[in-house]
>>> print(open('my_file-v9.txt').read())   # compact mmCIF, C-alpha atoms and all ligand atoms
# COMPACT_ATOMS: atom_id res chain seq x y z
CA MET W 286 14.93 -8.62 34.52
CA SER W 287 14.20 -8.00 30.88
CA THR W 288 17.03 -7.82 28.38
CA GLN W 289 18.09 -4.36 27.28
CA ILE W 290 16.77 -3.87 23.75
CA SER W 291 18.34 -1.26 21.49
CA LYS W 292 15.85 1.52 20.75
CA LYS W 293 17.69 2.41 17.59
CA LYS W 294 15.66 2.09 14.41
CA ARG W 295 17.33 -0.01 11.76
CA ILE W 296 17.64 1.30 8.23
CA ALA W 297 18.74 -0.68 5.19
CA VAL W 298 20.58 1.56 2.72
CA ILE W 299 20.60 0.54 -0.96
CA PRO W 300 22.26 3.25 -3.11
CA GLY W 301 21.87 1.20 -6.33
CA ASP W 302 23.20 2.62 -9.59
CA GLY W 303 24.42 5.82 -11.22
CA ILE W 304 23.69 8.97 -9.24
CA GLY W 305 22.05 6.83 -6.56
CA LYS W 306 25.60 6.01 -5.46
CA GLU W 307 26.37 9.74 -5.15
CA VAL W 308 23.21 11.17 -3.60
CA ILE W 309 22.54 8.43 -1.04
CA PRO W 310 25.90 8.86 0.78
CA GLN W 311 24.99 12.54 1.17
CA ALA W 312 21.58 11.63 2.58
CA VAL W 313 23.26 9.17 4.96
CA ASN W 314 25.66 11.87 6.21
CA VAL W 315 22.73 14.20 6.79
CA ILE W 316 20.84 11.52 8.74
CA LYS W 317 23.91 11.01 10.93
CA ALA W 318 24.24 14.77 11.48
CA SER W 319 20.59 14.97 12.55
CA GLY W 320 21.34 12.79 15.55
CA ALA W 321 18.42 10.44 14.88
CA ALA W 322 18.82 7.21 16.82
CA VAL W 323 19.27 4.94 13.82
CA GLU W 324 21.59 2.19 12.73
CA MET W 325 22.28 2.01 9.01
CA THR W 326 23.38 -1.07 7.08
CA ASP W 327 24.60 -0.92 3.47
CA PHE W 328 23.40 -3.28 0.75
CA ASP W 329 25.24 -3.63 -2.56
CA TRP W 330 22.20 -4.58 -4.67
CA GLY W 331 22.39 -3.04 -8.12
CA ALA W 332 23.99 -3.29 -11.55
CA ASP W 333 27.60 -3.76 -10.35
CA ARG W 334 26.66 -6.75 -8.21
CA TYR W 335 24.44 -8.19 -10.94
CA LEU W 336 27.21 -7.91 -13.53
CA ARG W 337 29.71 -9.39 -11.08
CA ASP W 338 27.86 -12.46 -9.83
CA GLY W 339 24.42 -12.51 -11.46
CA THR W 340 22.57 -11.65 -8.22
CA THR W 341 19.73 -9.17 -8.33
CA VAL W 342 18.10 -9.97 -4.98
CA PRO W 343 19.66 -12.68 -2.78
CA PRO W 344 17.26 -15.58 -2.04
CA ASP W 345 16.23 -14.31 1.42
CA GLY W 346 16.59 -10.62 0.47
CA PHE W 347 13.07 -9.29 0.92
CA ALA W 348 12.45 -11.45 4.00
CA THR W 349 15.62 -10.00 5.58
CA LEU W 350 14.51 -6.44 4.84
CA ALA W 351 11.05 -7.03 6.29
CA ARG W 352 12.32 -8.87 9.38
CA ASP W 353 15.48 -6.99 10.34
CA PHE W 354 14.78 -3.39 9.31
CA ASP W 355 12.35 -0.59 10.15
CA ALA W 356 12.80 1.22 6.84
CA ILE W 357 14.75 1.10 3.58
CA LEU W 358 16.52 4.03 1.92
CA VAL W 359 17.04 3.53 -1.80
CA GLY W 360 18.86 5.51 -4.52
CA ALA W 361 17.98 4.41 -8.04
CA PHE W 362 18.34 1.46 -10.40
CA GLY W 363 19.14 1.54 -14.09
CA ASP W 364 22.46 1.04 -15.86
CA PRO W 365 23.24 1.25 -19.57
CA ARG W 366 25.26 -1.98 -19.28
CA VAL W 367 22.14 -3.93 -18.27
CA LYS W 368 19.99 -3.58 -21.37
CA THR W 369 17.16 -5.76 -20.07
CA ASN W 370 16.86 -3.66 -16.88
CA ILE W 371 16.19 -6.99 -15.17
CA HIS W 372 17.95 -5.98 -11.93
CA ALA W 373 15.83 -2.82 -11.61
CA LYS W 374 12.70 -4.83 -12.16
CA GLU W 375 13.65 -7.48 -9.62
CA ILE W 376 15.02 -5.12 -6.96
CA LEU W 377 12.86 -1.98 -7.19
CA LEU W 378 9.58 -3.39 -8.45
CA GLY W 379 10.39 -6.49 -6.38
CA MET W 380 10.39 -4.44 -3.18
CA ARG W 381 7.21 -2.61 -4.13
CA PHE W 382 5.33 -5.78 -5.14
CA LYS W 383 6.71 -8.52 -2.91
CA MET W 384 6.78 -6.37 0.23
CA ASP W 385 3.33 -5.12 -0.80
CA LEU W 386 4.27 -1.43 -0.46
CA TYR W 387 1.00 -0.41 -2.01
CA ALA W 388 1.04 3.34 -1.50
CA ASN W 389 3.62 5.41 -3.32
CA VAL W 390 3.40 8.80 -1.62
CA ARG W 391 5.00 11.60 -3.62
CA PRO W 392 4.75 15.05 -2.04
CA VAL W 393 4.99 17.99 -4.42
CA ARG W 394 6.30 21.11 -2.71
CA LEU W 395 7.82 24.23 -4.12
CA LEU W 396 10.48 25.50 -1.70
CA ASP W 397 11.19 28.77 -3.46
CA ALA W 398 9.46 30.68 -6.27
CA ALA W 399 12.77 30.81 -8.18
CA LEU W 400 12.64 27.02 -8.67
CA CYS W 401 9.27 26.95 -10.46
CA PRO W 402 9.16 27.39 -14.23
CA LEU W 403 5.67 28.91 -13.97
CA LYS W 404 5.13 32.67 -13.73
CA GLY W 405 3.81 34.17 -10.50
CA VAL W 406 3.71 30.88 -8.59
CA GLU W 407 4.73 31.01 -4.92
CA PRO W 408 5.64 28.17 -2.53
CA LYS W 409 2.15 28.31 -0.96
CA ASP W 410 0.67 27.57 -4.41
CA VAL W 411 2.42 24.23 -4.85
CA ASP W 412 1.84 21.96 -1.87
CA PHE W 413 0.03 18.81 -2.91
CA VAL W 414 0.66 15.09 -2.75
CA VAL W 415 0.24 12.29 -5.27
CA VAL W 416 -0.81 8.93 -3.85
CA ARG W 417 0.09 6.41 -6.51
CA GLU W 418 -1.12 2.78 -6.52
CA ASN W 419 2.14 0.82 -6.39
CA THR W 420 1.40 -2.90 -6.77
CA GLU W 421 -0.95 -3.33 -9.73
CA GLY W 422 -1.89 -1.81 -13.09
CA VAL W 423 0.30 -2.28 -16.13
CA TYR W 424 3.31 -2.74 -13.83
CA THR W 425 2.26 -6.33 -13.13
CA ASP W 426 3.74 -6.95 -16.58
CA ALA W 427 1.01 -9.44 -17.43
CA GLY W 428 0.72 -10.10 -21.13
CA GLY W 429 2.79 -11.60 -23.86
CA VAL W 430 4.16 -11.46 -27.34
CA PHE W 431 2.93 -13.80 -30.04
CA LYS W 432 4.31 -14.47 -33.52
CA GLN W 433 7.31 -12.38 -32.58
CA GLY W 434 9.35 -11.13 -35.50
CA THR W 435 6.63 -11.81 -38.04
CA PRO W 436 4.35 -9.27 -39.73
CA ASP W 437 1.52 -10.72 -37.62
CA GLU W 438 3.21 -10.03 -34.28
CA ILE W 439 0.86 -9.31 -31.38
CA ALA W 440 1.88 -7.75 -28.04
CA THR W 441 -0.50 -7.47 -25.11
CA GLN W 442 0.10 -5.57 -21.88
CA GLU W 443 -2.62 -6.10 -19.33
CA ASP W 444 -3.83 -3.49 -16.87
CA ILE W 445 -4.65 -5.37 -13.66
CA ASN W 446 -6.99 -3.63 -11.20
CA THR W 447 -8.33 -5.55 -8.23
CA ARG W 448 -11.21 -4.46 -6.03
CA LYS W 449 -8.97 -4.88 -2.98
CA GLY W 450 -6.10 -2.94 -4.51
CA VAL W 451 -8.23 -0.06 -5.73
CA GLU W 452 -10.12 0.21 -2.47
CA ARG W 453 -7.06 0.25 -0.23
CA ILE W 454 -5.25 2.94 -2.21
CA ILE W 455 -8.31 5.19 -2.36
CA ARG W 456 -8.85 4.70 1.37
CA PHE W 457 -5.18 5.45 2.00
CA ALA W 458 -5.58 8.76 0.15
CA PHE W 459 -8.59 9.77 2.26
CA GLU W 460 -6.83 8.76 5.47
CA TYR W 461 -3.74 10.70 4.38
CA CYS W 462 -5.89 13.75 3.68
CA GLN W 463 -7.50 13.48 7.09
CA THR W 464 -4.26 13.12 9.02
CA HIS W 465 -1.86 15.47 7.19
CA THR W 466 -1.64 19.23 6.99
CA LYS W 467 -0.09 21.49 4.41
CA LEU W 468 3.31 23.04 5.09
CA ASP W 469 1.64 26.22 6.40
CA GLY W 470 -0.28 24.14 8.95
CA SER W 471 -3.69 24.41 7.25
CA PRO W 472 -5.67 21.17 6.98
CA ARG W 473 -5.86 19.16 3.79
CA SER W 474 -9.44 18.95 2.54
CA ARG W 475 -9.73 17.46 -0.95
CA VAL W 476 -9.04 14.12 -2.63
CA LEU W 477 -9.06 14.09 -6.41
CA MET W 478 -9.09 10.82 -8.34
CA CYS W 479 -7.25 10.94 -11.63
CA ASP W 480 -8.07 8.31 -14.25
CA LYS W 481 -8.90 7.73 -17.90
CA SER W 482 -12.31 6.16 -17.35
CA ASN W 483 -13.68 7.70 -20.54
CA ALA W 484 -11.46 5.41 -22.63
CA MET W 485 -10.41 2.62 -20.24
CA THR W 486 -13.96 1.84 -19.20
CA HIS W 487 -13.51 -1.49 -17.41
CA ALA W 488 -10.74 -0.47 -15.02
CA GLY W 489 -12.03 3.09 -14.90
CA GLY W 490 -15.50 1.87 -13.98
CA LEU W 491 -14.12 -0.06 -11.01
CA TRP W 492 -12.12 2.96 -9.79
CA GLN W 493 -15.17 5.22 -10.23
CA ARG W 494 -17.48 2.94 -8.25
CA VAL W 495 -15.00 2.38 -5.44
CA PHE W 496 -14.16 6.09 -5.24
CA LYS W 497 -17.84 6.92 -4.87
CA GLU W 498 -18.28 4.35 -2.10
CA VAL W 499 -15.16 5.22 -0.12
CA SER W 500 -15.56 8.99 -0.45
CA ALA W 501 -19.07 8.70 1.06
CA GLU W 502 -17.39 7.59 4.32
CA TYR W 503 -15.43 10.85 4.52
CA SER W 504 -18.07 13.55 4.57
CA LYS W 505 -15.67 16.33 5.55
CA ILE W 506 -13.36 15.71 2.59
CA ALA W 507 -14.32 16.99 -0.87
CA ALA W 508 -14.17 14.25 -3.52
CA GLN W 509 -13.17 15.38 -6.99
CA HIS W 510 -12.34 13.78 -10.32
CA MET W 511 -10.25 14.68 -13.34
CA TYR W 512 -9.17 12.79 -16.43
CA VAL W 513 -5.42 12.38 -16.56
CA ASP W 514 -4.97 14.35 -19.77
CA ALA W 515 -6.86 17.34 -18.40
CA LEU W 516 -4.97 17.03 -15.13
CA CYS W 517 -1.63 17.41 -16.93
CA MET W 518 -2.85 20.66 -18.45
CA GLN W 519 -4.23 21.93 -15.11
CA MET W 520 -1.04 21.05 -13.27
CA VAL W 521 0.97 23.52 -15.34
CA ARG W 522 -1.85 26.04 -15.73
CA ASP W 523 -2.85 26.30 -12.07
CA PRO W 524 -1.21 23.93 -9.53
CA ARG W 525 -2.98 25.77 -6.67
CA GLN W 526 -6.11 23.65 -7.15
CA PHE W 527 -4.50 20.35 -6.08
CA ASP W 528 -4.42 18.86 -2.59
CA VAL W 529 -4.37 15.03 -2.53
CA ILE W 530 -4.40 13.22 -5.89
CA VAL W 531 -4.99 9.46 -6.03
CA THR W 532 -4.30 7.51 -9.20
CA ASN W 533 -3.11 4.25 -10.69
CA ASN W 534 0.47 3.04 -11.02
CA MET W 535 1.31 4.33 -14.48
CA PHE W 536 -0.51 7.66 -14.34
CA GLY W 537 1.11 8.22 -10.95
CA ASP W 538 4.55 7.61 -12.42
CA ILE W 539 4.00 10.06 -15.25
CA ILE W 540 2.30 12.90 -13.38
CA THR W 541 4.94 12.87 -10.62
CA ASP W 542 7.73 13.59 -13.13
CA LEU W 543 5.57 16.45 -14.42
CA ALA W 544 4.98 17.57 -10.84
CA ALA W 545 8.71 17.35 -10.13
CA GLY W 546 9.11 19.98 -12.84
CA LEU W 547 7.04 22.37 -10.70
CA GLN W 548 9.43 21.84 -7.77
CA GLY W 549 12.63 22.58 -9.67
CA GLY W 550 13.11 19.28 -11.45
CA LEU W 551 13.74 15.65 -10.62
CA GLY W 552 16.59 16.56 -8.30
CA MET W 553 14.11 17.97 -5.78
CA ALA W 554 11.39 15.30 -5.54
CA ALA W 555 11.03 12.84 -2.64
CA SER W 556 8.90 9.73 -2.21
CA GLY W 557 7.89 6.91 0.09
CA ASN W 558 6.65 3.42 -0.78
CA ILE W 559 4.43 2.57 2.13
CA HIS W 560 2.43 -0.26 3.63
CA PRO W 561 1.20 1.05 6.97
CA GLY W 562 2.68 -0.99 9.80
CA ARG W 563 5.27 -2.74 7.65
CA THR W 564 8.87 -2.02 6.67
CA SER W 565 8.50 0.72 4.08
CA MET W 566 10.91 2.00 1.43
CA PHE W 567 11.92 5.57 0.67
CA GLU W 568 13.57 6.80 -2.55
CA PRO W 569 13.93 10.01 -4.52
CA VAL W 570 11.62 10.20 -7.55
CA HIS W 571 14.53 10.48 -9.99
CA GLY W 572 16.40 7.61 -11.60
CA SER W 573 20.09 6.82 -12.03
CA ALA W 574 20.60 9.65 -14.59
CA PRO W 575 23.45 8.00 -16.57
CA PRO W 576 24.46 11.21 -18.44
CA ILE W 577 25.50 12.94 -15.21
CA ALA W 578 26.49 9.89 -13.12
CA GLY W 579 29.95 9.90 -11.57
CA LYS W 580 30.48 13.61 -12.25
CA ASN W 581 29.60 15.05 -8.83
CA GLN W 582 26.78 16.99 -10.54
CA ALA W 583 23.63 15.32 -9.26
CA ASN W 584 21.39 17.25 -6.92
CA PRO W 585 21.33 15.39 -3.58
CA PHE W 586 18.31 17.30 -2.21
CA GLY W 587 15.69 14.84 -3.52
CA ALA W 588 17.51 12.08 -1.62
CA ILE W 589 18.01 14.28 1.45
CA LEU W 590 14.33 15.30 1.54
CA THR W 591 13.49 11.61 1.11
CA ALA W 592 15.65 10.86 4.17
CA ALA W 593 13.66 13.47 6.12
CA MET W 594 10.42 11.88 4.95
CA MET W 595 11.68 8.49 6.13
CA LEU W 596 12.71 9.86 9.53
CA ARG W 597 9.29 11.46 9.98
CA HIS W 598 7.69 8.10 9.10
CA LEU W 599 9.84 6.53 11.84
CA SER W 600 8.58 9.21 14.30
CA PHE W 601 11.78 11.27 14.24
CA GLU W 602 9.79 14.46 13.70
CA LYS W 603 12.37 16.76 15.29
CA GLU W 604 15.23 15.31 13.25
CA ALA W 605 13.19 15.53 10.02
CA ASN W 606 12.56 19.23 10.68
CA LYS W 607 16.25 19.70 11.41
CA ILE W 608 16.98 18.46 7.88
CA GLU W 609 14.20 20.20 5.96
CA LYS W 610 14.94 23.69 7.30
CA PRO W 611 18.54 23.87 6.01
CA VAL W 612 17.46 22.50 2.62
CA LEU W 613 15.07 25.43 2.35
CA GLU W 614 17.83 27.79 3.49
CA ALA W 615 20.30 26.34 0.96
CA VAL W 616 17.79 26.92 -1.82
CA ARG W 617 17.26 30.52 -0.71
CA GLN W 618 21.01 31.16 -0.50
CA LYS W 619 21.69 29.26 -3.75
CA LYS W 620 24.02 26.82 -2.01
CA VAL W 621 22.82 24.29 -4.56
CA THR W 622 23.79 22.20 -7.58
CA GLN W 623 23.70 23.39 -11.21
CA ASP W 624 20.31 21.92 -12.10
CA ILE W 625 18.64 24.45 -9.81
CA GLY W 626 20.87 27.40 -10.55
CA GLY W 627 23.83 26.95 -8.21
CA SER W 628 27.47 26.04 -8.69
CA LEU W 629 28.03 23.40 -6.01
CA GLY W 630 28.79 19.75 -6.65
CA THR W 631 26.84 16.85 -5.13
CA ARG W 632 29.30 16.48 -2.26
CA GLU W 633 29.58 20.20 -1.56
CA ALA W 634 25.80 20.68 -1.53
CA GLY W 635 25.49 17.68 0.82
CA GLU W 636 28.25 19.00 3.09
CA TRP W 637 26.55 22.40 3.31
CA ILE W 638 23.42 20.66 4.64
CA VAL W 639 25.44 18.45 7.00
CA ASN W 640 27.12 21.53 8.50
CA ALA W 641 23.85 23.41 8.83
CA VAL W 642 22.12 20.42 10.45
CA ALA W 643 24.98 19.91 12.88
CA GLU W 644 24.92 23.58 14.03
P1 LIG U 701 16.26 10.05 -14.57
O1 LIG U 701 15.38 10.48 -13.47
O2 LIG U 701 17.36 9.14 -14.18
O3 LIG U 701 16.93 11.33 -15.22
C1 LIG U 701 16.36 12.17 -16.21
C2 LIG U 701 17.20 13.44 -16.26
O4 LIG U 701 16.81 14.27 -15.17
C3 LIG U 701 18.69 13.23 -16.05
O5 LIG U 701 19.36 12.94 -17.24
C4 LIG U 701 19.11 14.54 -15.46
O6 LIG U 701 19.28 15.50 -16.46
C5 LIG U 701 17.92 14.92 -14.61
N1 LIG U 701 18.08 14.49 -13.21
C6 LIG U 701 17.51 13.42 -12.60
N2 LIG U 701 17.86 13.38 -11.32
C7 LIG U 701 18.67 14.42 -11.10
C8 LIG U 701 19.38 14.92 -9.98
N3 LIG U 701 19.32 14.32 -8.78
N4 LIG U 701 20.15 16.03 -10.13
C9 LIG U 701 20.21 16.66 -11.30
N5 LIG U 701 19.57 16.25 -12.41
C10 LIG U 701 18.81 15.14 -12.31
O7 LIG U 701 15.35 9.39 -15.71
P2 LIG U 701 15.74 8.58 -17.04
O8 LIG U 701 16.87 9.26 -17.73
O9 LIG U 701 14.48 8.41 -17.74
O10 LIG U 701 16.21 7.16 -16.52
C11 LIG U 701 17.58 6.77 -16.32
C12 LIG U 701 17.60 5.38 -15.71
O11 LIG U 701 17.04 5.42 -14.39
C13 LIG U 701 16.78 4.34 -16.47
O12 LIG U 701 17.45 3.12 -16.39
C14 LIG U 701 15.47 4.30 -15.71
O13 LIG U 701 14.78 3.09 -15.87
C15 LIG U 701 15.97 4.48 -14.30
N6 LIG U 701 14.99 5.02 -13.34
C16 LIG U 701 15.02 4.48 -12.10
C17 LIG U 701 14.20 4.97 -11.11
C18 LIG U 701 14.27 4.36 -9.76
O14 LIG U 701 15.11 3.53 -9.49
N7 LIG U 701 13.41 4.74 -8.84
C19 LIG U 701 13.38 6.07 -11.38
C20 LIG U 701 13.38 6.62 -12.67
C21 LIG U 701 14.20 6.10 -13.65
C1 LIG U 702 9.86 5.59 -10.68
C2 LIG U 702 10.51 4.93 -11.88
C3 LIG U 702 10.11 3.46 -11.98
C4 LIG U 702 8.60 3.42 -12.17
C5 LIG U 702 10.82 2.69 -13.10
C6 LIG U 702 12.32 2.69 -12.92
C7 LIG U 702 10.34 1.27 -13.23
O1 LIG U 702 10.22 5.63 -13.03
O2 LIG U 702 10.09 5.13 -9.55
O3 LIG U 702 9.16 6.59 -10.85
O4 LIG U 702 8.10 3.53 -13.29
O5 LIG U 702 7.91 3.29 -11.17
MN MN U 703 9.18 7.50 -12.67
>>> encode(input="my_file-v9.txt", output="C-alpha cells")
Amino acid sequence: MSTQISKKKRIAVIPGDGIGKEVIPQAVNVIKASGAAVEMTDFDWGADRYLRDGTTVPPDGFATLARDFDAILVGAFGDPRVKTNIHAKEILLGMRFKMDLYANVRPVRLLDAALCPLKGVEPKDVDFVVVRENTEGVYTDAGGVFKQGTPDEIATQEDINTRKGVERIIRFAFEYCQTHTKLDGSPRSRVLMCDKSNAMTHAGGLWQRVFKEVSAEYSKIAAQHMYVDALCMQMVRDPRQFDVIVTNNMFGDIITDLAAGLQGGLGMAASGNIHPGRTSMFEPVHGSAPPIAGKNQANPFGAILTAAMMLRHLSFEKEANKIEKPVLEAVRQKKVTQDIGGSLGTREAGEWIVNAVAE
C-alpha cells in the first residue's frame, strides 16, 4: 500500500519589513478563511533578523524554498536602519535571480471607477497585464566605480540582455495572452513590447529581432510596439488600449508603479514572480512604506489580491474567487483604508474581508 501523502500545498510566508509585517498577516488570515488546503510556514527573513544576527538568507535558504514549498508569499523589504539595502537585494532579488523567477506578472485592474484618478474611466477600461523580465537588465548590477571620490570618478551600470532571457520572456507574454481572459471573460488578443530601442540600440535591437521572430509564431495575437516614454503618456491618456505589455526589468518596475496609480495606488497592486513549473513567489507591488509602517494604516488589499493570485496559480480557483469578490464589494462599500478613501485600519479592512470570505 502506498503511503498517505498530504495533498495540502505548502506556502512559505515571508512578511519582511515595514508594512509587509502588517499586510501579510491579513492576507494569511484571508487565505485561512478561504478554506484552501494549504499549510503555511513563517520565515523571519528581513531587516530585524539581519540587524540581529547578520543573516540575510540562511545558507540553504533558496534550496529549502524550492524543495519544500509550492509557493512563497512575500511582503516587502526595505528598512531605514539598513542603509545599504543589502538584505533586500539578497532576499528579494536573490529569490528572483537565484530561483530564476523570470516572469514578473503584474495585473493592472481597476475595481471601481472611484479609485481611478482619470476622468470617465470605468473598470472595463483598465484590465491589462505587465509581463516584466525579472532576471536580467540593469538589475544584474554589473558594473563598477573607478577613481571613486576623485574628480575623474567613473561609474558604469551595465544592461545585460541575453538571447535566452529575452526570448523566454517574450514567449511567456504570448503564452499568457493566449491562455488568459480579461475579467469580463473576453479573450486577450494583443501583446505590446515596450522598449527604448531608439536610444538603447544594442539591447533594443535584440529585443526587436526576437519579438519579430516569436510574434510570427502567434498569428492570432496582434503584435505591437511602443517606446517606453510614449507608453507612459498613453497609459494616463487612454489605458483602454493596453492588453499584455512585455518589457525589460527596469521599465517594468517603473511602469507598474504608474499603472498602480490607475488602480487606486500602490496599496491595490498585486504581482507574481513566476517560473512555470517551479516554486514561484507572490508579493504586492508596493514596498515597506516606512512613513506609514507600524501605524495600522497600510492598505492590505494589494497583499490580499496577491494571495488570491497565488491561490489561482496553485489551482485553487474557487478559493481565489472567494477572496476577490469581497475585495470588490469592500471597495464598493468603502470598507477600505484611508489611501483609497475609507476610514478603516489595516486590521479592520483585513477582518472585513475575512468575515465576508467566511460567510
Ligand atoms: P513604497 O511602495 O514602499 O511606498 C511609497 C508610498 O506609497 C508610501 O509612502 C505610501 O504613501 C504609499 N503606499 C505604498 N504601499 C501602500 C499601502 N499598502 N497602503 C497605503 N499606502 C501605500 O515605495 P518607496 O517609498 O519608494 O520604498 C520604501 C522602501 O521599500 C524602500 O526601501 C524600497 O527599496 C522598498 N521597496 C521594496 C519593494 C519590495 O520589497 N517588493 C518594492 C518597492 C519598494
Ligand atoms: C519592486 C521593487 C524592487 C524592484 C526594488 C525593491 C529592488 O521596486 O518589486 O517593484 O525594483 O524590483
Ligand atoms: Mn517597484
>>> residues_around(input="my_file-v9.txt", residues="stretch 338-348 of chain W", least_positions_apart="6", cutoff="7 Å", atoms="only C-alpha atoms", output="number ranges by chain")
W: 330-331, 372, 375-376, 380, 384
>>> residues_around(input="my_file-v9.txt", residues="stretch 482-490 of chain W", least_positions_apart="2", cutoff="10 Å", atoms="all atoms listed in the file", output="PyMOL selection string")
chain W and resi 422+444-448+451+479-480+492-496+511-513+533
>>> write_last_selection(input="my_file-v9.txt", atoms="C-alpha atoms", output="mmCIF file, keeping the file's coordinate frame")
data_model
loop_
_atom_site.group_PDB
_atom_site.id
_atom_site.type_symbol
_atom_site.label_atom_id
_atom_site.label_comp_id
_atom_site.auth_asym_id
_atom_site.auth_seq_id
_atom_site.Cartn_x
_atom_site.Cartn_y
_atom_site.Cartn_z
ATOM 1 C CA GLY W 422 -1.890 -1.810 -13.090
ATOM 2 C CA ASP W 444 -3.830 -3.490 -16.870
ATOM 3 C CA ILE W 445 -4.650 -5.370 -13.660
ATOM 4 C CA ASN W 446 -6.990 -3.630 -11.200
ATOM 5 C CA THR W 447 -8.330 -5.550 -8.230
ATOM 6 C CA ARG W 448 -11.210 -4.460 -6.030
ATOM 7 C CA VAL W 451 -8.230 -0.060 -5.730
ATOM 8 C CA CYS W 479 -7.250 10.940 -11.630
ATOM 9 C CA ASP W 480 -8.070 8.310 -14.250
ATOM 10 C CA TRP W 492 -12.120 2.960 -9.790
ATOM 11 C CA GLN W 493 -15.170 5.220 -10.230
ATOM 12 C CA ARG W 494 -17.480 2.940 -8.250
ATOM 13 C CA VAL W 495 -15.000 2.380 -5.440
ATOM 14 C CA PHE W 496 -14.160 6.090 -5.240
ATOM 15 C CA MET W 511 -10.250 14.680 -13.340
ATOM 16 C CA TYR W 512 -9.170 12.790 -16.430
ATOM 17 C CA VAL W 513 -5.420 12.380 -16.560
ATOM 18 C CA ASN W 533 -3.110 4.250 -10.690
#
>>> atom_distance(input="my_file-v9.txt", atom1="atom C5 of ligand LIG 701 (chain U)", atom2="atom CA of W:Lys610")
23.8 Å
>>> residues_near_ligand(input="my_file-v9.txt", ligand="ligand LIG 701 (chain U)", cutoff="8 Å", atoms="only C-alpha atoms and all ligand atoms", output="number ranges by chain")
W: 301, 304, 308, 359-365, 370, 373, 377, 550-553, 568-577, 582-588, 622-624
>>> closest_residue(input="my_file-v9.txt", among="W:Gly450, W:Pro408, W:Gly635, W:Pro611", to="W:Ile309", atoms="only C-alpha atoms")
W:Gly635
>>> atom_distance(input="my_file-v9.txt", atom1="atom CA of W:Glu633", atom2="atom CA of W:Lys409")
28.6 Å
>>> atom_distance(input="my_file-v9.txt", atom1="atom CA of W:Phe382", atom2="atom CA of W:Asp538")
15.3 Å
